[in-house]
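A short write-up of the structure that comes next.
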Amino acid sequence: QTKTGIALLYDEVSENAYDIRLKLTKEVLTIQKQDVVCVSGSDHSANHRTVTLHRQPVGGLGLSIKGGAEHKVPVVISKIFKNQAAEQTGMLFIGDAIIQVNGINVESATHEEVVHLLRNAGDEVTITVQYLREAPSFLKLPLGSPGPSSDHSSGTSSPLFDSGLHLNGNSTNTAPSSPSSPIANEPKYEKRWLDTLSVPLSMARISRYKTGTDKLRSNAFEVLALDGVSTGILQFYTAQESADWLRAMSTNISDLTLQNMKMANKCCSPSDQVIHMGWVNERLEGPDSSQLYKFKFLALKGSSFYIFSTPPVSTLDWVRAEKIYNLCEVLFKIHKLWLADDCWLQANLYLGIHQDFDLEDQRPYCFSVMVGHGKSHYFNVELGSELAVWEKSFQRAIFLEVQRTGSKTYMCSWQGDTLCFTVDFALGFTCFDSKTKNVLWRFKFSQLKGSSDDGKTRVKLLFQNIDTKQIETKELEFQDLTAVLHCIHSFIAAKVASVDPVFIDSQSVARKYMYSN
């Protein structure tokens, strides 16, 4: 199914916007611009057309013009009146820039100079025109020519006025005047939407923000292909249109990502499947402590969480990830999502084993992934629906990895002794001597009643003795305490999910948001 619609292409350098037509299919977004093409007759270049107009006693030249050098735009035809001289030629269109009048070049002329020239050019006026494909939107040119207009902006007047060149003509006059009989083999021209850029959506990314900043573009975004080709900034007339197009493109990109995952999984063993992957923005600290955002491609595959600067296309690409973390040792946390009533929800998904972030940025739909040695990555996505998918995918990938691994053992120490600490999906917690392998203590997950740590290497685990009901404190020291605490969390969460999956679903903050919307 193809979606089409009119939008604007915004040029950040000139600060002008141009009318374009968007065509969205499952795999490609195409940008079209209007142009005049020769559809039959002698094969003249449609770029330049030279047309002779016969001024009529009623109606004059039958056209209006706008623009001029003082506005940094050429003079363009802004209206063509029905059944009058300009329309009868069949060779002039709204949006044509006037290049010459009776052999005099007017490309650098002001509005008044061109009006004066046309009004005093005699009864037979020869003009050379070229269709202005990138007519700035401030000219307010209707998109249709002639006939019913599909102009979005008909309710607003242009800062540039129309100069009518129909003398005392009446623009509503529809009395037919006899057109000159067409000459055999005379070229016939039409205004058409022509493809100017096609952006493949496979592995493409969308950004609503000004590059690297927290500044959200109003009703606008850009789409970037895998090879870096950009659509430019697509601007929409209403917030609703912008949201509809953003959703439609995101859906198509997600569907293609799913296809890519299925293809990749055919080459992977059952224990090394891709669970989810996609583009995000990562918040980074700039050299002057400013916040920068960079596109990153994340993937959850097998036992690992990958961070890439560009997506993995071949099997060999998986080894060139910027970072690779074991899924048992990471902690996913939602920070922000924007609720329907425009208030912020600060969501702490898992409590007790992390420090809160400084959440001063203005982006909704943020999550962090906390990794070993107290480090973390802070990400943002464009849509609430994407946040919900990442939350669910991290949960699923971590639970699968816990069940596959079954247990994880870490070296630790206490009072000079080298010990081993094992987290086991079936047995719970075990601590044993690394040399003799003698078990020092063992507790089930349900016996863990609390924990505290010094934020560095040392942790106290509080267990309840089944027989005496007394709390027993076990103190241990680890080289990477954060990884161990995340692992304990992953195993307990996976255990709860295996016993009570409904409870885990009820804890999903992003999915609650999705249902509320």
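Going by the structure tokens order, chains are called A, B, ..., each with residues numbered from 1, while ligands are numbered from 1 in the order shown.
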
Practice task
Write out as a ChimeraX atom specification all residues of segment 355-409 of chain A that backbone DSSP assigns to strand (DSSP E or B).
Solution key: /A:366-370,376-380,407-409

C-alpha atoms of the current selection, written as a PDB file, in the first residue's frame:
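And here is the file that came out, out_25.pdb:
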ATOM      1  CA  CYS A 366      14.616   7.850  27.222  1.00  0.00           C
ATOM      2  CA  PHE A 367      16.122   4.714  28.694  1.00  0.00           C
ATOM      3  CA  SER A 368      19.483   3.748  30.104  1.00  0.00           C
ATOM      4  CA  VAL A 369      21.405   0.499  30.120  1.00  0.00           C
ATOM      5  CA  MET A 370      23.605   0.194  33.180  1.00  0.00           C
ATOM      6  CA  SER A 376      25.966   3.335  31.907  1.00  0.00           C
ATOM      7  CA  HIS A 377      24.668   4.319  28.467  1.00  0.00           C
ATOM      8  CA  TYR A 378      21.789   6.793  28.106  1.00  0.00           C
ATOM      9  CA  PHE A 379      19.583   6.459  25.003  1.00  0.00           C
ATOM     10  CA  ASN A 380      16.594   8.153  23.415  1.00  0.00           C
ATOM     11  CA  SER A 407      24.255 -20.247  36.584  1.00  0.00           C
ATOM     12  CA  LYS A 408      27.071 -17.697  36.831  1.00  0.00           C
ATOM     13  CA  THR A 409      30.061 -17.849  39.174  1.00  0.00           C
TER      14      THR A 409
END

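The spacing separating atom CA of Gln84 of chain A from atom CA of Trp193 of chain A amounts to 25.2 Å.
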
Completion exercise
Students should find that atom CA of Gln259 of chain A and atom CA of Val28 of chain A are spaced 14.8 Å

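Closest approach to Phe394 of chain A among A:Asp454, A:Asp288, A:Asp96, A:Glu329 is made by A:Glu329 (distances from only C-alpha atoms).
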
Problem - One-decimal distance in Å that lies between atom CA of Asp19 of chain A and atom CA of Val129 of chain A - result: 19.5 Å

Practice task
Give the answer as one residue: which of A:Met203, A:Ile99, A:Ile334, A:Met263 has the shortest atom-to-atom distance to Gly278 of chain A, using only C-alpha atoms?
Solution key: A:Met203

Exercise for the section: Report as a ChimeraX atom specification: the residues of segment 253-479 of chain A with a DSSP assignment of helix (DSSP H, G or I), based on the backbone of this structure. Expected result: /A:253-266,270-272,315-320,327-329,372-374,384-405,445-447

Handout entry: Residue neighbourhood Lys262 of chain A, 12 Å, only C-alpha atoms, exclusion window fewer than 5 positions, as a ChimeraX atom specification
Key = /A:255-257,267-268,273-277

Pull all heavy atoms from the residues just selected and write them as a compact mmCIF listing (two decimals), in the first residue's frame.
# COMPACT_ATOMS: atom_id res chain seq x y z
N ASP A 255 9.19 -2.94 10.12
CA ASP A 255 8.85 -4.18 9.39
C ASP A 255 10.06 -4.71 8.62
O ASP A 255 10.31 -5.92 8.59
CB ASP A 255 7.69 -3.92 8.42
CG ASP A 255 6.36 -3.69 9.16
OD1 ASP A 255 6.32 -3.96 10.37
OD2 ASP A 255 5.39 -3.24 8.52
N LEU A 256 10.81 -3.78 8.01
CA LEU A 256 12.01 -4.20 7.25
C LEU A 256 13.10 -4.72 8.19
O LEU A 256 13.82 -5.66 7.86
CB LEU A 256 12.53 -3.03 6.41
CG LEU A 256 11.64 -2.61 5.23
CD1 LEU A 256 12.10 -1.28 4.66
CD2 LEU A 256 11.65 -3.67 4.13
N THR A 257 13.21 -4.09 9.38
CA THR A 257 14.20 -4.55 10.38
C THR A 257 13.87 -5.98 10.80
O THR A 257 14.75 -6.82 10.95
CB THR A 257 14.20 -3.61 11.60
OG1 THR A 257 14.50 -2.29 11.16
CG2 THR A 257 15.23 -4.03 12.63
N CYS A 267 21.03 -17.85 9.73
CA CYS A 267 22.45 -18.24 9.76
C CYS A 267 22.97 -18.44 11.18
O CYS A 267 24.15 -18.71 11.38
CB CYS A 267 23.30 -17.16 9.09
SG CYS A 267 22.66 -16.60 7.52
N CYS A 268 22.10 -18.24 12.18
CA CYS A 268 22.56 -18.31 13.59
C CYS A 268 21.97 -19.53 14.28
O CYS A 268 20.86 -19.95 13.98
CB CYS A 268 22.14 -17.05 14.35
SG CYS A 268 22.79 -15.55 13.64
N GLN A 273 20.28 -16.19 18.52
CA GLN A 273 19.31 -15.48 17.69
C GLN A 273 19.27 -13.98 18.03
O GLN A 273 19.51 -13.58 19.17
CB GLN A 273 17.91 -16.06 17.89
CG GLN A 273 17.79 -17.53 17.48
CD GLN A 273 17.68 -17.73 15.99
OE1 GLN A 273 16.70 -17.32 15.36
NE2 GLN A 273 18.69 -18.34 15.38
N VAL A 274 18.95 -13.18 17.01
CA VAL A 274 18.72 -11.74 17.24
C VAL A 274 17.31 -11.58 17.79
O VAL A 274 16.34 -12.02 17.18
CB VAL A 274 18.86 -10.93 15.92
CG1 VAL A 274 18.63 -9.45 16.19
CG2 VAL A 274 20.22 -11.15 15.27
N ILE A 275 17.21 -10.97 18.97
CA ILE A 275 15.89 -10.74 19.60
C ILE A 275 15.31 -9.41 19.13
O ILE A 275 14.14 -9.29 18.82
CB ILE A 275 16.02 -10.72 21.16
CG1 ILE A 275 16.61 -12.04 21.67
CG2 ILE A 275 14.69 -10.40 21.82
CD1 ILE A 275 15.73 -13.25 21.49
N HIS A 276 16.16 -8.39 19.06
CA HIS A 276 15.71 -7.07 18.58
C HIS A 276 16.92 -6.24 18.19
O HIS A 276 18.01 -6.42 18.73
CB HIS A 276 14.91 -6.35 19.68
CG HIS A 276 14.28 -5.07 19.20
ND1 HIS A 276 13.45 -5.02 18.11
CD2 HIS A 276 14.38 -3.78 19.64
CE1 HIS A 276 13.06 -3.78 17.90
NE2 HIS A 276 13.60 -3.00 18.82
N MET A 277 16.71 -5.32 17.23
CA MET A 277 17.77 -4.37 16.88
C MET A 277 17.14 -3.11 16.28
O MET A 277 16.00 -3.16 15.80
CB MET A 277 18.78 -5.00 15.92
CG MET A 277 18.21 -5.47 14.59
SD MET A 277 19.51 -6.31 13.64
CE MET A 277 18.69 -6.54 12.06

Exercise for the section: Tell me, as number ranges by chain, which residues lie within 8 Å of segment 445-448 of chain A, counting only C-alpha atoms; anything in the same chain fewer than 4 positions away does not count. Expected result: A: 427-429, 461-466, 492

Problem - Long-range neighbours of segment 225-227 of chain A as a list of chain:residue names, 10 Å cut-off, only C-alpha atoms, 5 positions minimum in chain - result: A:Val28, A:Leu29, A:Ser198, A:Val199, A:Pro200, A:Leu201, A:Ser202, A:Met203, A:Ala204, A:Arg205, A:Ile206, A:Thr310, A:Pro311
